[in-house]
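The structure file protein36.pdb is reproduced below (PDB, C-alpha atoms, pLDDT in the B column).
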```
ATOM      1  CA  MET M 104      62.666 -14.838 -15.774  1.00 63.00           C
ATOM      2  CA  LYS M 105      60.242 -17.753 -15.519  1.00 68.00           C
ATOM      3  CA  PRO M 106      62.851 -20.287 -14.251  1.00 73.00           C
ATOM      4  CA  ILE M 107      64.100 -17.818 -11.639  1.00 77.00           C
ATOM      5  CA  PHE M 108      60.565 -17.299 -10.327  1.00 75.00           C
ATOM      6  CA  GLY M 109      60.058 -21.085 -10.247  1.00 73.00           C
ATOM      7  CA  ARG M 110      63.257 -21.636  -8.283  1.00 75.00           C
ATOM      8  CA  ILE M 111      62.328 -18.925  -5.792  1.00 77.00           C
ATOM      9  CA  LEU M 112      58.791 -20.294  -5.397  1.00 77.00           C
ATOM     10  CA  THR M 113      59.937 -23.883  -4.785  1.00 79.00           C
ATOM     11  CA  HIS M 114      63.085 -23.086  -2.790  1.00 80.00           C
ATOM     12  CA  PRO M 115      63.204 -24.574   0.738  1.00 83.00           C
ATOM     13  CA  LEU M 116      63.426 -21.060   2.220  1.00 86.00           C
ATOM     14  CA  SER M 117      60.161 -20.056   0.498  1.00 86.00           C
ATOM     15  CA  ILE M 118      58.551 -23.272   1.713  1.00 87.00           C
ATOM     16  CA  THR M 119      59.799 -22.477   5.233  1.00 88.00           C
ATOM     17  CA  ILE M 120      58.330 -18.962   5.180  1.00 90.00           C
ATOM     18  CA  LEU M 121      54.981 -20.273   3.970  1.00 89.00           C
ATOM     19  CA  ASN M 122      55.059 -23.085   6.515  1.00 88.00           C
ATOM     20  CA  PHE M 123      55.580 -20.668   9.403  1.00 89.00           C
ATOM     21  CA  ALA M 124      52.804 -18.373   8.134  1.00 89.00           C
ATOM     22  CA  ILE M 125      50.463 -21.379   8.180  1.00 89.00           C
ATOM     23  CA  LEU M 126      51.648 -22.228  11.699  1.00 88.00           C
ATOM     24  CA  LEU M 127      50.669 -18.709  12.811  1.00 88.00           C
ATOM     25  CA  LEU M 128      47.167 -19.320  11.479  1.00 84.00           C
ATOM     26  CA  ALA M 129      47.052 -22.625  13.347  1.00 85.00           C
ATOM     27  CA  TYR M 130      48.139 -20.854  16.531  1.00 85.00           C
ATOM     28  CA  SER M 131      45.359 -18.272  16.197  1.00 82.00           C
ATOM     29  CA  ALA M 132      42.773 -21.012  15.584  1.00 81.00           C
ATOM     30  CA  LEU M 133      44.007 -23.045  18.556  1.00 81.00           C
ATOM     31  CA  LYS M 134      43.975 -19.956  20.759  1.00 80.00           C
ATOM     32  CA  GLU M 135      40.401 -19.154  19.707  1.00 77.00           C
ATOM     33  CA  THR M 136      39.365 -22.764  20.376  1.00 77.00           C
ATOM     34  CA  TRP M 137      41.000 -22.900  23.811  1.00 73.00           C
ATOM     35  CA  PHE M 138      39.139 -19.777  24.924  1.00 69.00           C
ATOM     36  CA  ALA M 139      35.814 -20.946  23.503  1.00 62.00           C
ATOM     37  CA  GLU M 140      33.247 -22.268  25.906  1.00 61.00           C
ATOM     38  CA  GLU M 141      30.352 -24.520  24.982  1.00 58.00           C
ATOM     39  CA  SER M 142      27.852 -21.745  25.633  1.00 59.00           C
ATOM     40  CA  ASP M 143      29.752 -19.030  23.743  1.00 65.00           C
ATOM     41  CA  VAL M 144      28.391 -19.270  20.205  1.00 66.00           C
ATOM     42  CA  HIS M 145      30.385 -16.229  19.015  1.00 69.00           C
ATOM     43  CA  HIS M 146      33.742 -17.803  19.885  1.00 73.00           C
ATOM     44  CA  ILE M 147      32.705 -21.140  18.409  1.00 76.00           C
ATOM     45  CA  HIS M 148      31.762 -19.533  15.076  1.00 79.00           C
ATOM     46  CA  GLU M 149      35.006 -17.540  14.973  1.00 82.00           C
ATOM     47  CA  ALA M 150      36.985 -20.700  15.706  1.00 82.00           C
ATOM     48  CA  VAL M 151      35.082 -22.584  12.979  1.00 84.00           C
ATOM     49  CA  GLU M 152      35.947 -19.863  10.453  1.00 87.00           C
ATOM     50  CA  LEU M 153      39.609 -20.057  11.449  1.00 86.00           C
ATOM     51  CA  TRP M 154      39.606 -23.866  11.237  1.00 86.00           C
ATOM     52  CA  GLU M 155      37.956 -23.750   7.836  1.00 88.00           C
ATOM     53  CA  GLY M 156      40.615 -21.329   6.599  1.00 89.00           C
ATOM     54  CA  PHE M 157      43.408 -23.382   8.136  1.00 89.00           C
ATOM     55  CA  GLY M 158      42.067 -26.579   6.559  1.00 90.00           C
ATOM     56  CA  THR M 159      41.816 -24.960   3.121  1.00 92.00           C
ATOM     57  CA  ILE M 160      45.299 -23.474   3.311  1.00 92.00           C
ATOM     58  CA  LEU M 161      46.809 -26.721   4.645  1.00 92.00           C
ATOM     59  CA  LEU M 162      45.130 -28.599   1.806  1.00 94.00           C
ATOM     60  CA  GLY M 163      46.489 -26.168  -0.804  1.00 93.00           C
ATOM     61  CA  PHE M 164      49.942 -26.231   0.762  1.00 93.00           C
ATOM     62  CA  GLY M 165      49.871 -30.019   0.660  1.00 94.00           C
ATOM     63  CA  VAL M 166      48.953 -30.066  -3.036  1.00 95.00           C
ATOM     64  CA  ALA M 167      51.725 -27.581  -3.848  1.00 91.00           C
ATOM     65  CA  LEU M 168      54.285 -29.655  -1.924  1.00 91.00           C
ATOM     66  CA  GLU M 169      53.062 -32.868  -3.470  1.00 92.00           C
ATOM     67  CA  GLU M 170      53.440 -31.411  -6.958  1.00 90.00           C
ATOM     68  CA  ARG M 171      56.693 -29.521  -6.361  1.00 86.00           C
ATOM     69  CA  GLY M 172      58.420 -31.447  -9.150  1.00 83.00           C
ATOM     70  CA  SER M 173      55.631 -30.574 -11.577  1.00 85.00           C
ATOM     71  CA  LEU M 174      55.852 -26.908 -10.576  1.00 83.00           C
ATOM     72  CA  LEU M 175      59.556 -26.925 -11.379  1.00 81.00           C
ATOM     73  CA  LYS M 176      58.788 -28.331 -14.838  1.00 84.00           C
ATOM     74  CA  ILE M 177      55.995 -25.792 -15.446  1.00 84.00           C
ATOM     75  CA  PHE M 178      58.387 -22.946 -14.694  1.00 82.00           C
ATOM     76  CA  GLY M 179      61.038 -24.436 -16.965  1.00 82.00           C
ATOM     77  CA  CYS M 180      63.457 -25.341 -14.192  1.00 78.00           C
ATOM     78  CA  THR M 181      65.647 -28.385 -14.195  1.00 74.00           C
ATOM     79  CA  PRO M 182      64.430 -31.096 -11.811  1.00 71.00           C
ATOM     80  CA  ASP M 183      65.790 -30.954  -8.298  1.00 70.00           C
ATOM     81  CA  GLN M 184      69.017 -32.886  -7.884  1.00 72.00           C
ATOM     82  CA  ASN M 185      67.997 -33.959  -4.388  1.00 74.00           C
ATOM     83  CA  PRO M 186      65.522 -36.865  -4.737  1.00 82.00           C
ATOM     84  CA  ARG M 187      65.204 -37.108  -0.944  1.00 86.00           C
ATOM     85  CA  MET M 188      63.746 -33.601  -0.810  1.00 84.00           C
ATOM     86  CA  GLU M 189      61.283 -34.417  -3.615  1.00 86.00           C
ATOM     87  CA  HIS M 190      60.223 -37.581  -1.793  1.00 90.00           C
ATOM     88  CA  LEU M 191      59.862 -35.673   1.475  1.00 91.00           C
ATOM     89  CA  CYS M 192      57.744 -32.905  -0.107  1.00 90.00           C
ATOM     90  CA  HIS M 193      55.528 -35.439  -1.858  1.00 92.00           C
ATOM     91  CA  ASN M 194      54.897 -37.563   1.245  1.00 94.00           C
ATOM     92  CA  TYR M 195      54.217 -34.667   3.588  1.00 95.00           C
ATOM     93  CA  GLY M 196      52.113 -32.999   0.911  1.00 95.00           C
ATOM     94  CA  VAL M 197      49.815 -36.027   0.857  1.00 96.00           C
ATOM     95  CA  LEU M 198      49.556 -35.969   4.672  1.00 95.00           C
ATOM     96  CA  PHE M 199      48.700 -32.248   4.662  1.00 95.00           C
ATOM     97  CA  VAL M 200      45.996 -32.810   2.032  1.00 96.00           C
ATOM     98  CA  VAL M 201      44.371 -35.552   4.121  1.00 95.00           C
ATOM     99  CA  LEU M 202      44.509 -33.478   7.329  1.00 93.00           C
ATOM    100  CA  GLY M 203      43.239 -30.383   5.520  1.00 93.00           C
ATOM    101  CA  VAL M 204      40.238 -32.301   4.204  1.00 94.00           C
ATOM    102  CA  LEU M 205      39.525 -33.750   7.669  1.00 93.00           C
ATOM    103  CA  ILE M 206      39.632 -30.299   9.287  1.00 91.00           C
ATOM    104  CA  GLU M 207      37.400 -28.886   6.517  1.00 91.00           C
ATOM    105  CA  VAL M 208      34.838 -31.662   7.012  1.00 91.00           C
ATOM    106  CA  LEU M 209      34.734 -31.081  10.776  1.00 89.00           C
ATOM    107  CA  ALA M 210      34.288 -27.325  10.271  1.00 87.00           C
ATOM    108  CA  TRP M 211      31.497 -27.856   7.756  1.00 88.00           C
ATOM    109  CA  LEU M 212      29.709 -30.323  10.029  1.00 87.00           C
ATOM    110  CA  ILE M 213      29.360 -27.458  12.482  1.00 84.00           C
ATOM    111  CA  LYS M 214      28.275 -24.990   9.773  1.00 84.00           C
ATOM    112  CA  ILE M 215      25.539 -27.210   8.303  1.00 84.00           C
ATOM    113  CA  PRO M 216      22.119 -25.854   9.329  1.00 80.00           C
ATOM    114  CA  ASN M 217      20.503 -27.825  12.137  1.00 77.00           C
ATOM    115  CA  SER M 218      17.456 -28.387   9.926  1.00 80.00           C
ATOM    116  CA  VAL M 219      19.664 -30.539   7.674  1.00 84.00           C
ATOM    117  CA  LEU M 220      21.928 -32.163  10.267  1.00 80.00           C
ATOM    118  CA  ASN M 221      21.241 -31.397  13.890  1.00 81.00           C
ATOM    119  CA  THR M 222      24.609 -30.833  15.521  1.00 76.00           C
ATOM    120  CA  GLU M 223      23.220 -28.774  18.379  1.00 78.00           C
ATOM    121  CA  GLY M 224      25.069 -29.642  21.529  1.00 78.00           C
ATOM    122  CA  VAL M 225      27.972 -31.362  19.750  1.00 81.00           C
ATOM    123  CA  GLU M 226      29.482 -28.305  18.036  1.00 79.00           C
ATOM    124  CA  PHE M 227      32.024 -27.943  20.811  1.00 79.00           C
ATOM    125  CA  VAL M 228      33.014 -31.611  20.533  1.00 84.00           C
ATOM    126  CA  LEU M 229      33.445 -31.264  16.753  1.00 84.00           C
ATOM    127  CA  LEU M 230      35.457 -28.102  17.338  1.00 83.00           C
ATOM    128  CA  GLN M 231      37.746 -29.948  19.740  1.00 84.00           C
ATOM    129  CA  MET M 232      38.148 -32.786  17.218  1.00 87.00           C
ATOM    130  CA  GLY M 233      39.212 -30.162  14.668  1.00 84.00           C
ATOM    131  CA  ALA M 234      41.688 -28.769  17.187  1.00 84.00           C
ATOM    132  CA  ILE M 235      43.151 -32.226  17.781  1.00 88.00           C
ATOM    133  CA  SER M 236      43.443 -32.823  14.021  1.00 88.00           C
ATOM    134  CA  ALA M 237      45.054 -29.430  13.533  1.00 85.00           C
ATOM    135  CA  SER M 238      47.458 -30.102  16.394  1.00 86.00           C
ATOM    136  CA  ALA M 239      48.536 -33.238  14.550  1.00 89.00           C
ATOM    137  CA  GLY M 240      48.962 -31.039  11.469  1.00 87.00           C
ATOM    138  CA  VAL M 241      51.123 -28.594  13.420  1.00 88.00           C
ATOM    139  CA  PHE M 242      53.268 -31.455  14.701  1.00 92.00           C
ATOM    140  CA  LEU M 243      53.664 -32.746  11.129  1.00 92.00           C
ATOM    141  CA  GLN M 244      54.508 -29.268   9.851  1.00 91.00           C
ATOM    142  CA  LEU M 245      57.255 -28.873  12.430  1.00 92.00           C
ATOM    143  CA  ARG M 246      58.557 -32.354  11.716  1.00 94.00           C
ATOM    144  CA  PHE M 247      58.470 -31.657   7.976  1.00 92.00           C
ATOM    145  CA  GLN M 248      60.377 -28.408   8.503  1.00 91.00           C
ATOM    146  CA  ILE M 249      63.132 -30.147  10.454  1.00 91.00           C
ATOM    147  CA  LYS M 250      63.440 -32.920   7.862  1.00 91.00           C
ATOM    148  CA  LEU M 251      63.403 -30.382   5.016  1.00 87.00           C
ATOM    149  CA  TRP M 252      66.384 -28.543   6.424  1.00 86.00           C
ATOM    150  CA  LYS M 253      68.209 -31.786   7.224  1.00 86.00           C
ATOM    151  CA  SER M 254      67.747 -32.991   3.640  1.00 79.00           C
ATOM    152  CA  ARG M 255      69.599 -29.980   2.272  1.00 69.00           C
TER     153      ARG M 255
END
```
With the file now loaded, output its structure as structure tokens.
Amino acid sequence: MKPIFGRILTHPLSITILNFAILLLAYSALKETWFAEESDVHHIHEAVELWEGFGTILLGFGVALEERGSLLKIFGCTPDQNPRMEHLCHNYGVLFVVLGVLIEVLAWLIKIPNSVLNTEGVEFVLLQMGAISASAGVFLQLRFQIKLWKSR
């Protein structure tokens, strides 16, 4: 039972489903950011919450991809016979971890109280920087998805 669950969890189709779910979250965060105005604190805080969630999930997804081979071993599965796919998952996993951390840092710079770090007036700029970073993440996710299916 354990090897079957491991194979299902690490199968390219499962990775694809998870990838597209993360892309939906990115879309909602980008949509919230596009409609935010500098003066609209409510939209900015909602966008920050979405970016923080997106960054955390992208980071976790990256770690899981990076350690896909280890997950197969933990579940008692034989190693993947396609080394190109393992290499691809590892490399993109590292990129997703770095982007996830960057997005998290930008979101937390906005959330830090102004008594500690005064970001008043630059929240919108930091939010836009997060949106640009996340857009790069979306591009990488789409590129990863195409390469994943080509490697099969």
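You can rank M:Leu251, M:Leu175, M:Leu133, M:Ala210 by their closest distance to M:Ala239 using all atoms listed in the file, and at the top of that list sits M:Leu133.
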message: Going by the chain IDs and residue numbers used in this file, which residues fall under the PyMOL selection byres ((chain M and resi 203) around 9)? Write them as an NGL selection string.
response: :M and (155 or 157-163 or 165 or 198-202 or 204-208 or 236-237 or 240)
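Applied to the file shown here, the PyMOL selection byres ((chain M and resi 181-195) around 8) selects M:Gly165, M:Leu168, M:Glu169, M:Glu170, M:Arg171, M:Gly172, M:Leu175, M:Lys176, M:Gly179, M:Cys180, M:Gly196, M:Val197, M:Leu198, M:Phe199, M:Leu243, M:Phe247, M:Lys250, M:Leu251, M:Ser254, M:Arg255.
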- prompt: Distance atom CA of M:Val228-atom CA of M:Ile215, one decimal place?
  reply: 15.0 Å
query: What do you get, as a PyMOL selection string, if you spell out every residue that the PyMOL selection byres ((chain M and resi 120-122) around 10) selects here?
result: chain M and resi 115-119+123-127+161+164+241+244-245+247-248
- request: Tell me, in Å to one decimal, how far atom CA of M:Phe108 is from atom CA of M:Val166.
  value: 18.7 Å
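Nearest to M:Val225 of all the residues M:Ile147, M:Ser131, M:Ser238, M:Ala167 is M:Ile147, based on only C-alpha atoms.
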field: Residue nearest M:Ile111 - candidates M:Phe227, M:Val219, M:Leu174, M:Leu209, atoms counted: only C-alpha atoms
entry: M:Leu174
message: Set the distance at 8 Å and use all atoms listed in the file: which residues neighbour M:Leu153 once local chain neighbours fewer than 3 positions away are removed? I'd like the list as a ChimeraX atom specification.
response: /M:128,131-132,149-150,156-157
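The space between atom CA of M:His114 and atom CA of M:Tyr130 spans 24.5 Å.
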